[in-house]
Structure formats: structure tokens, C-alpha cells
file data17.pdb (PDB, C-alpha atoms and all ligand atoms)
ATOM      1  CA  MET A 261       0.000   0.000   0.000
ATOM      2  CA  SER A 262       1.387   3.374  -0.904
ATOM      3  CA  HIS A 263       1.965   5.929   1.817
ATOM      4  CA  SER A 264      -0.139   9.074   1.768
ATOM      5  CA  ILE A 265       1.673  12.392   1.973
ATOM      6  CA  LEU A 266      -0.100  15.648   2.735
ATOM      7  CA  VAL A 267       1.754  18.655   1.336
ATOM      8  CA  ILE A 268       0.757  21.858   3.133
ATOM      9  CA  GLU A 269       2.349  24.579   1.040
ATOM     10  CA  ASP A 270       0.924  27.904  -0.112
ATOM     11  CA  GLU A 271       3.244  28.273  -3.100
ATOM     12  CA  GLU A 272       0.967  26.444  -5.470
ATOM     13  CA  ASP A 273       3.522  25.921  -8.251
ATOM     14  CA  LEU A 274       5.954  24.376  -5.786
ATOM     15  CA  ALA A 275       3.210  22.225  -4.284
ATOM     16  CA  HIS A 276       2.256  20.907  -7.726
ATOM     17  CA  ILE A 277       5.847  20.004  -8.561
ATOM     18  CA  LEU A 278       6.166  18.168  -5.257
ATOM     19  CA  ILE A 279       2.921  16.297  -5.802
ATOM     20  CA  ASP A 280       4.129  15.159  -9.242
ATOM     21  CA  TYR A 281       7.424  13.930  -7.805
ATOM     22  CA  LEU A 282       5.754  12.179  -4.892
ATOM     23  CA  ARG A 283       3.270  10.401  -7.130
ATOM     24  CA  PHE A 284       6.065   9.412  -9.467
ATOM     25  CA  ALA A 285       7.891   7.973  -6.434
ATOM     26  CA  GLY A 286       4.842   5.844  -5.669
ATOM     27  CA  PHE A 287       3.211   7.902  -2.934
ATOM     28  CA  THR A 288      -0.366   9.044  -2.712
ATOM     29  CA  ALA A 289      -0.080  12.807  -2.441
ATOM     30  CA  GLU A 290      -2.417  15.707  -1.870
ATOM     31  CA  ALA A 291      -1.730  19.434  -1.558
ATOM     32  CA  ILE A 292      -3.379  22.056   0.614
ATOM     33  CA  HIS A 293      -2.462  25.715   0.298
ATOM     34  CA  ASP A 294      -3.939  27.270   3.421
ATOM     35  CA  GLY A 295      -3.515  26.680   7.144
ATOM     36  CA  ARG A 296      -7.216  26.620   7.996
ATOM     37  CA  GLN A 297      -8.031  24.162   5.242
ATOM     38  CA  ALA A 298      -5.157  22.065   6.551
ATOM     39  CA  GLN A 299      -6.779  22.015  10.001
ATOM     40  CA  GLU A 300     -10.033  20.807   8.477
ATOM     41  CA  ARG A 301      -8.293  18.221   6.345
ATOM     42  CA  LEU A 302      -6.260  16.848   9.266
ATOM     43  CA  ALA A 303      -9.383  16.614  11.405
ATOM     44  CA  LYS A 304     -10.935  14.259   8.854
ATOM     45  CA  ALA A 305      -8.182  11.740   8.268
ATOM     46  CA  LEU A 306      -4.489  11.572   8.914
ATOM     47  CA  PRO A 307      -1.947  11.044   6.168
ATOM     48  CA  ASP A 308       1.129   8.877   6.766
ATOM     49  CA  LEU A 309       3.353  11.955   6.686
ATOM     50  CA  VAL A 310       2.890  15.735   6.579
ATOM     51  CA  LEU A 311       5.212  18.032   4.671
ATOM     52  CA  LEU A 312       4.503  21.312   6.377
ATOM     53  CA  ASP A 313       5.537  24.762   5.204
ATOM     54  CA  LEU A 314       6.148  27.179   8.057
ATOM     55  CA  MET A 315       4.765  30.378   6.536
ATOM     56  CA  LEU A 316       1.158  29.822   5.549
ATOM     57  CA  PRO A 317      -1.928  31.983   5.212
ATOM     58  CA  GLY A 318      -4.635  31.326   7.791
ATOM     59  CA  VAL A 319      -2.801  29.275  10.388
ATOM     60  CA  ASP A 320       0.995  29.049  10.340
ATOM     61  CA  GLY A 321       2.916  25.786  10.178
ATOM     62  CA  LEU A 322       4.257  25.838  13.715
ATOM     63  CA  THR A 323       0.744  26.285  15.131
ATOM     64  CA  LEU A 324      -0.494  23.391  13.007
ATOM     65  CA  LEU A 325       2.351  21.249  14.247
ATOM     66  CA  ARG A 326       1.661  22.110  17.892
ATOM     67  CA  GLU A 327      -2.007  21.266  17.394
ATOM     68  CA  LEU A 328      -1.087  17.934  15.847
ATOM     69  CA  ARG A 329       1.272  17.075  18.673
ATOM     70  CA  ALA A 330      -1.045  18.289  21.449
ATOM     71  CA  HIS A 331      -4.078  16.402  20.196
ATOM     72  CA  SER A 332      -4.318  13.006  21.824
ATOM     73  CA  VAL A 333      -6.447  11.676  18.976
ATOM     74  CA  TYR A 334      -3.569  12.115  16.574
ATOM     75  CA  PRO A 335      -0.822   9.589  16.855
ATOM     76  CA  ASP A 336       2.721  10.637  16.157
ATOM     77  CA  VAL A 337       2.207  11.375  12.509
ATOM     78  CA  PRO A 338       5.631  12.189  11.072
ATOM     79  CA  VAL A 339       6.030  15.853  10.142
ATOM     80  CA  ILE A 340       8.772  17.419   8.025
ATOM     81  CA  LEU A 341       8.887  21.181   8.431
ATOM     82  CA  VAL A 342       9.779  23.324   5.439
ATOM     83  CA  THR A 343      11.297  26.725   6.016
ATOM     84  CA  ALA A 344      12.580  29.437   3.724
ATOM     85  CA  ARG A 345      15.354  30.369   6.142
ATOM     86  CA  VAL A 346      18.298  28.237   7.170
ATOM     87  CA  GLU A 347      18.673  30.277  10.390
ATOM     88  CA  GLU A 348      15.122  29.371  11.307
ATOM     89  CA  VAL A 349      16.088  25.706  11.731
ATOM     90  CA  ASP A 350      18.252  26.425  14.784
ATOM     91  CA  ARG A 351      15.407  28.238  16.453
ATOM     92  CA  LEU A 352      12.980  25.422  15.621
ATOM     93  CA  VAL A 353      15.305  22.754  16.960
ATOM     94  CA  GLY A 354      15.685  24.860  20.119
ATOM     95  CA  LEU A 355      11.910  25.079  20.417
ATOM     96  CA  GLU A 356      11.648  21.301  20.478
ATOM     97  CA  SER A 357       8.921  21.760  17.924
ATOM     98  CA  GLY A 358       8.341  18.041  17.557
ATOM     99  CA  ALA A 359       9.106  17.924  13.853
ATOM    100  CA  ASP A 360      10.798  14.783  12.565
ATOM    101  CA  ASP A 361      12.988  16.649  10.115
ATOM    102  CA  TYR A 362      13.534  20.080   8.593
ATOM    103  CA  ILE A 363      14.037  21.084   4.979
ATOM    104  CA  CYS A 364      15.189  24.504   3.836
ATOM    105  CA  LYS A 365      14.016  26.210   0.678
ATOM    106  CA  PRO A 366      15.129  26.148  -2.007
ATOM    107  CA  PHE A 367      15.242  22.371  -2.178
ATOM    108  CA  SER A 368      15.210  19.820  -4.920
ATOM    109  CA  PRO A 369      12.054  17.686  -5.070
ATOM    110  CA  ARG A 370      14.350  14.668  -5.259
ATOM    111  CA  GLU A 371      15.861  15.621  -1.891
ATOM    112  CA  VAL A 372      12.382  15.964  -0.419
ATOM    113  CA  VAL A 373      11.399  12.496  -1.622
ATOM    114  CA  ALA A 374      14.592  11.041  -0.122
ATOM    115  CA  ARG A 375      13.954  12.731   3.235
ATOM    116  CA  ILE A 376      10.347  11.548   3.274
ATOM    117  CA  LYS A 377      11.458   7.957   2.690
ATOM    118  CA  THR A 378      13.992   8.225   5.510
ATOM    119  CA  VAL A 379      11.486   9.653   7.987
ATOM    120  CA  LEU A 380       8.883   7.031   7.103
ATOM    121  CA  ARG A 381      11.442   4.253   7.514
ATOM    122  CA  ARG A 382      12.495   5.635  10.888
ATOM    123  CA  SER A 383       8.936   6.070  12.140
ATOM    124  CA  ARG A 384       8.148   2.473  11.196
ATOM    125  CA  ALA A 385      11.226   1.384  13.127
ATOM    126  CA  SER A 386      10.239   3.357  16.206
ATOM    127  CA  ALA A 387       6.710   1.959  16.055
ATOM    128  CA  ALA A 388       8.253  -1.476  16.624
ATOM    129  CA  PRO A 389       8.305  -2.761  20.227
ATOM    130  CA  ALA A 390      10.398  -0.427  22.327
ATOM    131  CA  ARG A 391      13.717  -1.555  23.663
ATOM    132  CA  PRO A 392      13.591  -2.097  27.438
ATOM    133  CA  ALA A 393      14.017   1.230  29.169
ATOM    134  CA  ALA A 394      17.053  -0.132  31.008
ATOM    135  CA  ASP A 395      19.237   0.231  27.939
ATOM    136  CA  GLN A 396      17.667   3.270  26.401
ATOM    137  CA  LEU A 397      19.448   6.571  26.156
ATOM    138  CA  THR A 398      17.240   9.555  26.875
ATOM    139  CA  THR A 399      17.771  13.297  27.161
ATOM    140  CA  ASP A 400      15.683  15.908  28.895
ATOM    141  CA  PRO A 401      16.330  19.423  27.558
ATOM    142  CA  GLN A 402      14.553  21.004  30.529
ATOM    143  CA  THR A 403      16.935  19.577  33.110
ATOM    144  CA  LEU A 404      19.875  18.966  30.704
ATOM    145  CA  ARG A 405      20.001  15.420  32.008
ATOM    146  CA  ALA A 406      20.986  12.462  29.909
ATOM    147  CA  CYS A 407      20.250   8.997  31.237
ATOM    148  CA  TYR A 408      20.997   5.453  30.176
ATOM    149  CA  GLY A 409      18.087   3.608  31.641
ATOM    150  CA  ALA A 410      17.995   4.920  35.199
ATOM    151  CA  GLN A 411      21.699   5.747  35.250
ATOM    152  CA  ARG A 412      22.510   9.394  34.858
ATOM    153  CA  LEU A 413      25.373  10.385  32.611
ATOM    154  CA  ASP A 414      27.686  13.070  33.866
ATOM    155  CA  LEU A 415      27.963  15.293  30.771
ATOM    156  CA  THR A 416      29.196  18.793  30.112
ATOM    157  CA  PRO A 417      26.599  21.156  28.582
ATOM    158  CA  LYS A 418      28.112  20.786  25.107
ATOM    159  CA  GLU A 419      28.285  17.023  25.358
ATOM    160  CA  PHE A 420      24.640  17.110  26.368
ATOM    161  CA  GLU A 421      23.689  19.255  23.383
ATOM    162  CA  LEU A 422      25.542  16.987  20.983
ATOM    163  CA  ILE A 423      23.950  13.789  22.230
ATOM    164  CA  HIS A 424      20.559  15.513  22.308
ATOM    165  CA  ILE A 425      20.908  16.474  18.629
ATOM    166  CA  LEU A 426      22.104  13.023  17.594
ATOM    167  CA  ILE A 427      19.515  10.901  19.381
ATOM    168  CA  ALA A 428      16.667  12.936  17.920
ATOM    169  CA  HIS A 429      17.685  11.497  14.533
ATOM    170  CA  PRO A 430      18.852   7.915  14.932
ATOM    171  CA  GLY A 431      20.707   6.662  11.887
ATOM    172  CA  ARG A 432      21.301  10.093  10.422
ATOM    173  CA  VAL A 433      24.914  11.069   9.885
ATOM    174  CA  PHE A 434      25.717  14.598  11.001
ATOM    175  CA  SER A 435      28.806  16.336   9.684
ATOM    176  CA  ARG A 436      30.860  18.419  12.074
ATOM    177  CA  ALA A 437      29.614  21.553  10.301
ATOM    178  CA  GLN A 438      25.984  20.482  10.732
ATOM    179  CA  LEU A 439      26.542  19.832  14.417
ATOM    180  CA  LEU A 440      28.174  23.238  14.797
ATOM    181  CA  GLU A 441      25.212  24.879  13.083
ATOM    182  CA  ARG A 442      22.777  23.163  15.383
ATOM    183  CA  LEU A 443      24.512  24.021  18.618
ATOM    184  CA  GLN A 444      23.059  27.039  20.342
ATOM    185  CA  PRO A 445      24.186  30.398  18.945
ATOM    186  CA  ASP A 446      26.176  31.207  22.079
ATOM    187  CA  ASN A 447      28.479  28.338  21.222
ATOM    188  CA  PHE A 448      30.266  30.429  18.616
ATOM    189  CA  GLU A 449      33.596  29.595  20.221
ATOM    190  CA  VAL A 450      33.195  25.935  19.303
ATOM    191  CA  SER A 451      35.271  24.808  16.345
ATOM    192  CA  GLU A 452      35.014  21.635  14.300
ATOM    193  CA  ARG A 453      38.083  20.355  16.140
ATOM    194  CA  ALA A 454      36.358  21.045  19.437
ATOM    195  CA  ILE A 455      33.390  18.974  18.219
ATOM    196  CA  ASP A 456      35.801  16.050  17.813
ATOM    197  CA  SER A 457      37.087  16.485  21.325
ATOM    198  CA  HIS A 458      33.572  16.738  22.822
ATOM    199  CA  MET A 459      32.564  13.656  20.838
ATOM    200  CA  LYS A 460      35.592  11.740  22.047
ATOM    201  CA  ASN A 461      34.694  12.475  25.667
ATOM    202  CA  LEU A 462      31.035  11.737  25.065
ATOM    203  CA  ARG A 463      31.798   8.375  23.458
ATOM    204  CA  ARG A 464      34.162   7.491  26.298
ATOM    205  CA  LYS A 465      31.427   8.227  28.845
ATOM    206  CA  LEU A 466      28.906   6.180  26.898
ATOM    207  CA  ALA A 467      31.378   3.301  26.614
ATOM    208  CA  GLN A 468      31.838   3.336  30.396
ATOM    209  CA  ILE A 469      28.132   3.020  30.984
ATOM    210  CA  ALA A 470      27.364   0.586  28.132
ATOM    211  CA  PRO A 471      30.593  -1.132  27.063
ATOM    212  CA  ALA A 472      28.838  -3.589  24.741
ATOM    213  CA  ARG A 473      27.276  -0.946  22.543
ATOM    214  CA  GLU A 474      28.691   1.634  20.217
ATOM    215  CA  MET A 475      25.915   4.182  20.407
ATOM    216  CA  ILE A 476      27.700   6.993  18.601
ATOM    217  CA  ARG A 477      29.690   5.882  15.625
ATOM    218  CA  SER A 478      32.258   8.021  13.892
ATOM    219  CA  VAL A 479      31.811   7.941  10.120
ATOM    220  CA  TYR A 480      35.232   8.378   8.605
ATOM    221  CA  GLY A 481      35.552  11.624   6.659
ATOM    222  CA  VAL A 482      31.931  12.563   7.288
ATOM    223  CA  GLY A 483      30.915  12.945  10.918
ATOM    224  CA  PHE A 484      28.900  11.127  13.525
ATOM    225  CA  VAL A 485      25.791   9.020  13.732
ATOM    226  CA  TYR A 486      23.701   7.813  16.661
ATOM    227  CA  GLU A 487      23.000   4.141  16.050
ATOM    228  CA  GLY A 488      20.361   3.792  18.756
TER     229      GLY A 488
HETATM  230 CA    CA B 501       4.921  29.620   2.475
END
call {"tool": "encode", "arguments": {"input": "data17.pdb", "output": "C-alpha cells"}}
result
Amino acid sequence: MSHSILVIEDEEDLAHILIDYLRFAGFTAEAIHDGRQAQERLAKALPDLVLLDLMLPGVDGLTLLRELRAHSVYPDVPVILVTARVEEVDRLVGLESGADDYICKPFSPREVVARIKTVLRRSRASAAPARPAADQLTTDPQTLRACYGAQRLDLTPKEFELIHILIAHPGRVFSRAQLLERLQPDNFEVSERAIDSHMKNLRRKLAQIAPAREMIRSVYGVGFVYEG
């Protein structure tokens, strides 16, 4: 059965191009160009994934996303946020908006299709029976605590931020530059070399607590990936 993708995008030409690409890739796709219509559409039936533009007439994308996430009737439908500004992504990540991924305009429709496939694959994986909490790594951005099961990890603030970024996207490889971009703006003193040193310490601490698992893997010449 093909997955259904709802494209909420007020630039109609762009929406039509995306719909064509998505259908060509085997998805069922539908476009909506206005935030209020999107609310009505989502109230009727949920798609398998929402591609959600941030700036919309009627109701903006972030409000729609919050409504989706706050509504107990809606399960965790995967949402990819689309923004026209790269800088906006940092703010959104900081807001813990609950999006599964972010795409910046301009993008290639091919890239969008690839991201959609990745997010759908990941959400299917996370819908599988959860690993026992005892060997699960969790982060709480409110308290800046990272725990492995019930065991608390003693991390520096930057180590915490790095692991928090990585575990939000299991299986995705982040380059050093991408990690730098995603760290809070006040981390301007952090260099790519410093990322390596924070990662080294972080991986050492994780290895102490869970010697049998390599949770963060270094991808030679590219960056780092959280394997889950
Ligand atoms: Ca827009």
C-alpha cells in the first residue's frame, strides 16, 4: 500500500511540482495551500506523513504542528517542516517543535522524496516494540540530564547538546559543520576540532556506561551518527 503524503504549502507551483514527484515515487499525495483548510483536512483523516511549510496563510505551520502534537487523537504522525530560512532551523530545533525533520528552501524535489522515505522508515522502526528502558538513552532538555536507563550520565553542557541532537535522529549522519550549526548560537567559540574532542569524551562516557554498545559511531571523513 502506498503511503499518503499531505503537502501543506501555499506556493501552489511548488506544491504541484512536489505532488508530481511524490506520485512518481509511488506515494499518494495531496496538496493544501492554506492553514485553515489544513486544520479541516487533518481533522478528517491523517496522512502517513505531513510536509509542512512554516509560513502559511490562515494558520501558520508551527501552530499546526503544535495542534497535531497536542491532540491526543492524533498519533505521532511524522512531520517534516519546510522553512525558507536556514537560520530558522536552529530556532525550531531549540523550540523542540516536535518535527521529525527540517528542509530549507530552495530544495530539490528529489531531496524531499529522499527525506520523506527516511522519515517514514524511521517512524516504522520506532513503532516497533520499544527496547527495554534499562538500555535506552534519553535526554531531557529542561533539566539537561541524559540517562541510560535509570543511570545518569555526567555530561558537560556541550556534550549534552551533541547527544541531544544526535539521538533525535537515529541513523542520520551529522557532519561536524551540521553539528556546529545546530549548537546554540552562544556556542560560537566551538570549532570543528572542538566537536571532535567533545565527541571523544562523550563516546568514552557512553562506553563506560554501556561497554557492549557503540551508540555513537564516527563515520570516517563525514561525521557522527547515533546508532540507537
Ligand atoms: Ca509559504
call {"tool": "atom_distance", "arguments": {"input": "data17.pdb", "atom1": "atom CA of Leu311 of chain A", "atom2": "atom CA of Pro338 of chain A"}}
result
8.7 Å
call {"tool": "atom_distance", "arguments": {"input": "data17.pdb", "atom1": "atom CA of Asp361 of chain A", "atom2": "atom CA of Pro417 of chain A"}}
result
23.4 Å
call {"tool": "axis_aligned_box", "arguments": {"input": "data17.pdb", "around": "segment 297-315 of chain A", "padding_each_side": "4 Å", "output": "lines of an AutoDock Vina configuration file"}}
result
center_x = -2.4
center_y = 19.6
center_z = 8.0
size_x = 25.1
size_y = 29.5
size_z = 14.7
call {"tool": "closest_atom_pairs", "arguments": {"input": "data17.pdb", "of": "chain A", "to": "ligand CA 501 (chain B)", "cutoff": "6 Å", "atoms": "all atoms listed in the file", "output": "CSV"}}
result
residue,atom,partner,partner_atom,distance
A:Glu269,CA,B:CA501,CA,5.8
A:Asp270,CA,B:CA501,CA,5.1
A:Glu271,CA,B:CA501,CA,6.0
A:Asp313,CA,B:CA501,CA,5.6
A:Met315,CA,B:CA501,CA,4.1
A:Leu316,CA,B:CA501,CA,4.9
call {"tool": "resolve_selection", "arguments": {"input": "data17.pdb", "expression": "the PyMOL selection byres (((chain A and resi 279) around 12) and not hetatm)", "output": "PDB file with C-alpha atoms, keeping the file's coordinate frame"}}
result
ATOM      1  CA  SER A 264      -0.139   9.074   1.768  1.00  0.00           C
ATOM      2  CA  ILE A 265       1.673  12.392   1.973  1.00  0.00           C
ATOM      3  CA  LEU A 266      -0.100  15.648   2.735  1.00  0.00           C
ATOM      4  CA  VAL A 267       1.754  18.655   1.336  1.00  0.00           C
ATOM      5  CA  ILE A 268       0.757  21.858   3.133  1.00  0.00           C
ATOM      6  CA  GLU A 269       2.349  24.579   1.040  1.00  0.00           C
ATOM      7  CA  GLU A 272       0.967  26.444  -5.470  1.00  0.00           C
ATOM      8  CA  ASP A 273       3.522  25.921  -8.251  1.00  0.00           C
ATOM      9  CA  LEU A 274       5.954  24.376  -5.786  1.00  0.00           C
ATOM     10  CA  ALA A 275       3.210  22.225  -4.284  1.00  0.00           C
ATOM     11  CA  HIS A 276       2.256  20.907  -7.726  1.00  0.00           C
ATOM     12  CA  ILE A 277       5.847  20.004  -8.561  1.00  0.00           C
ATOM     13  CA  LEU A 278       6.166  18.168  -5.257  1.00  0.00           C
ATOM     14  CA  ASP A 280       4.129  15.159  -9.242  1.00  0.00           C
ATOM     15  CA  TYR A 281       7.424  13.930  -7.805  1.00  0.00           C
ATOM     16  CA  LEU A 282       5.754  12.179  -4.892  1.00  0.00           C
ATOM     17  CA  ARG A 283       3.270  10.401  -7.130  1.00  0.00           C
ATOM     18  CA  PHE A 284       6.065   9.412  -9.467  1.00  0.00           C
ATOM     19  CA  ALA A 285       7.891   7.973  -6.434  1.00  0.00           C
ATOM     20  CA  GLY A 286       4.842   5.844  -5.669  1.00  0.00           C
ATOM     21  CA  PHE A 287       3.211   7.902  -2.934  1.00  0.00           C
ATOM     22  CA  THR A 288      -0.366   9.044  -2.712  1.00  0.00           C
ATOM     23  CA  ALA A 289      -0.080  12.807  -2.441  1.00  0.00           C
ATOM     24  CA  GLU A 290      -2.417  15.707  -1.870  1.00  0.00           C
ATOM     25  CA  ALA A 291      -1.730  19.434  -1.558  1.00  0.00           C
ATOM     26  CA  ILE A 292      -3.379  22.056   0.614  1.00  0.00           C
ATOM     27  CA  LEU A 311       5.212  18.032   4.671  1.00  0.00           C
ATOM     28  CA  PRO A 369      12.054  17.686  -5.070  1.00  0.00           C
ATOM     29  CA  ARG A 370      14.350  14.668  -5.259  1.00  0.00           C
ATOM     30  CA  VAL A 372      12.382  15.964  -0.419  1.00  0.00           C
ATOM     31  CA  VAL A 373      11.399  12.496  -1.622  1.00  0.00           C
TER      32      VAL A 373
END
call {"tool": "closest_residue", "arguments": {"input": "data17.pdb", "among": "A:Arg477, A:Ile427, A:Ile363, A:Asp350", "to": "Leu440 of chain A", "atoms": "only C-alpha atoms"}}
result
A:Asp350
call {"tool": "resolve_selection", "arguments": {"input": "data17.pdb", "expression": "the PyMOL selection byres (((chain A and resi 395) around 12) and not hetatm)", "output": "list of chain:residue names"}}
result
A:Ala390, A:Arg391, A:Pro392, A:Ala393, A:Ala394, A:Gln396, A:Leu397, A:Thr398, A:Cys407, A:Tyr408, A:Gly409, A:Ala410, A:Gln411, A:Arg412, A:Leu466, A:Ile469, A:Ala470, A:Pro471, A:Ala472, A:Arg473, A:Met475, A:Gly488
call {"tool": "atom_distance", "arguments": {"input": "data17.pdb", "atom1": "atom CA of Leu413 of chain A", "atom2": "atom CA of Ser451 of chain A"}}
result
23.9 Å
call {"tool": "closest_residue", "arguments": {"input": "data17.pdb", "among": "A:Leu314, A:Val319, A:Ala428, A:Leu309", "to": "Lys377 of chain A", "atoms": "all atoms listed in the file"}}
result
A:Leu309
call {"tool": "resolve_selection", "arguments": {"input": "data17.pdb", "expression": "the PyMOL selection byres (((chain A and resi 479) around 12) and not hetatm)", "output": "PDB file with C-alpha atoms, in the coordinates of the input"}}
result
ATOM      1  CA  GLY A 431      20.707   6.662  11.887  1.00  0.00           C
ATOM      2  CA  ARG A 432      21.301  10.093  10.422  1.00  0.00           C
ATOM      3  CA  VAL A 433      24.914  11.069   9.885  1.00  0.00           C
ATOM      4  CA  PHE A 434      25.717  14.598  11.001  1.00  0.00           C
ATOM      5  CA  SER A 435      28.806  16.336   9.684  1.00  0.00           C
ATOM      6  CA  ARG A 436      30.860  18.419  12.074  1.00  0.00           C
ATOM      7  CA  ASP A 456      35.801  16.050  17.813  1.00  0.00           C
ATOM      8  CA  ILE A 476      27.700   6.993  18.601  1.00  0.00           C
ATOM      9  CA  ARG A 477      29.690   5.882  15.625  1.00  0.00           C
ATOM     10  CA  SER A 478      32.258   8.021  13.892  1.00  0.00           C
ATOM     11  CA  TYR A 480      35.232   8.378   8.605  1.00  0.00           C
ATOM     12  CA  GLY A 481      35.552  11.624   6.659  1.00  0.00           C
ATOM     13  CA  VAL A 482      31.931  12.563   7.288  1.00  0.00           C
ATOM     14  CA  GLY A 483      30.915  12.945  10.918  1.00  0.00           C
ATOM     15  CA  PHE A 484      28.900  11.127  13.525  1.00  0.00           C
ATOM     16  CA  VAL A 485      25.791   9.020  13.732  1.00  0.00           C
ATOM     17  CA  TYR A 486      23.701   7.813  16.661  1.00  0.00           C
ATOM     18  CA  GLU A 487      23.000   4.141  16.050  1.00  0.00           C
TER      19      GLU A 487
END
call {"tool": "residues_around", "arguments": {"input": "data17.pdb", "residues": "Gly318 of chain A", "least_positions_apart": "4", "cutoff": "8 Å", "atoms": "only C-alpha atoms", "output": "number ranges by chain"}}
result
A: 294-296
call {"tool": "closest_residue", "arguments": {"input": "data17.pdb", "among": "A:Leu328, A:Ala467, A:His429, A:Asp360", "to": "Arg301 of chain A", "atoms": "all atoms listed in the file"}}
result
A:Leu328
call {"tool": "closest_residue", "arguments": {"input": "data17.pdb", "among": "A:Lys365, A:Asn461, A:Leu322, A:Arg329", "to": "Asp414 of chain A", "atoms": "all atoms listed in the file"}}
result
A:Asn461
call {"tool": "closest_residue", "arguments": {"input": "data17.pdb", "among": "A:Ile455, A:Leu312, A:Leu404, A:Ala303", "to": "Leu439 of chain A", "atoms": "all atoms listed in the file"}}
result
A:Ile455
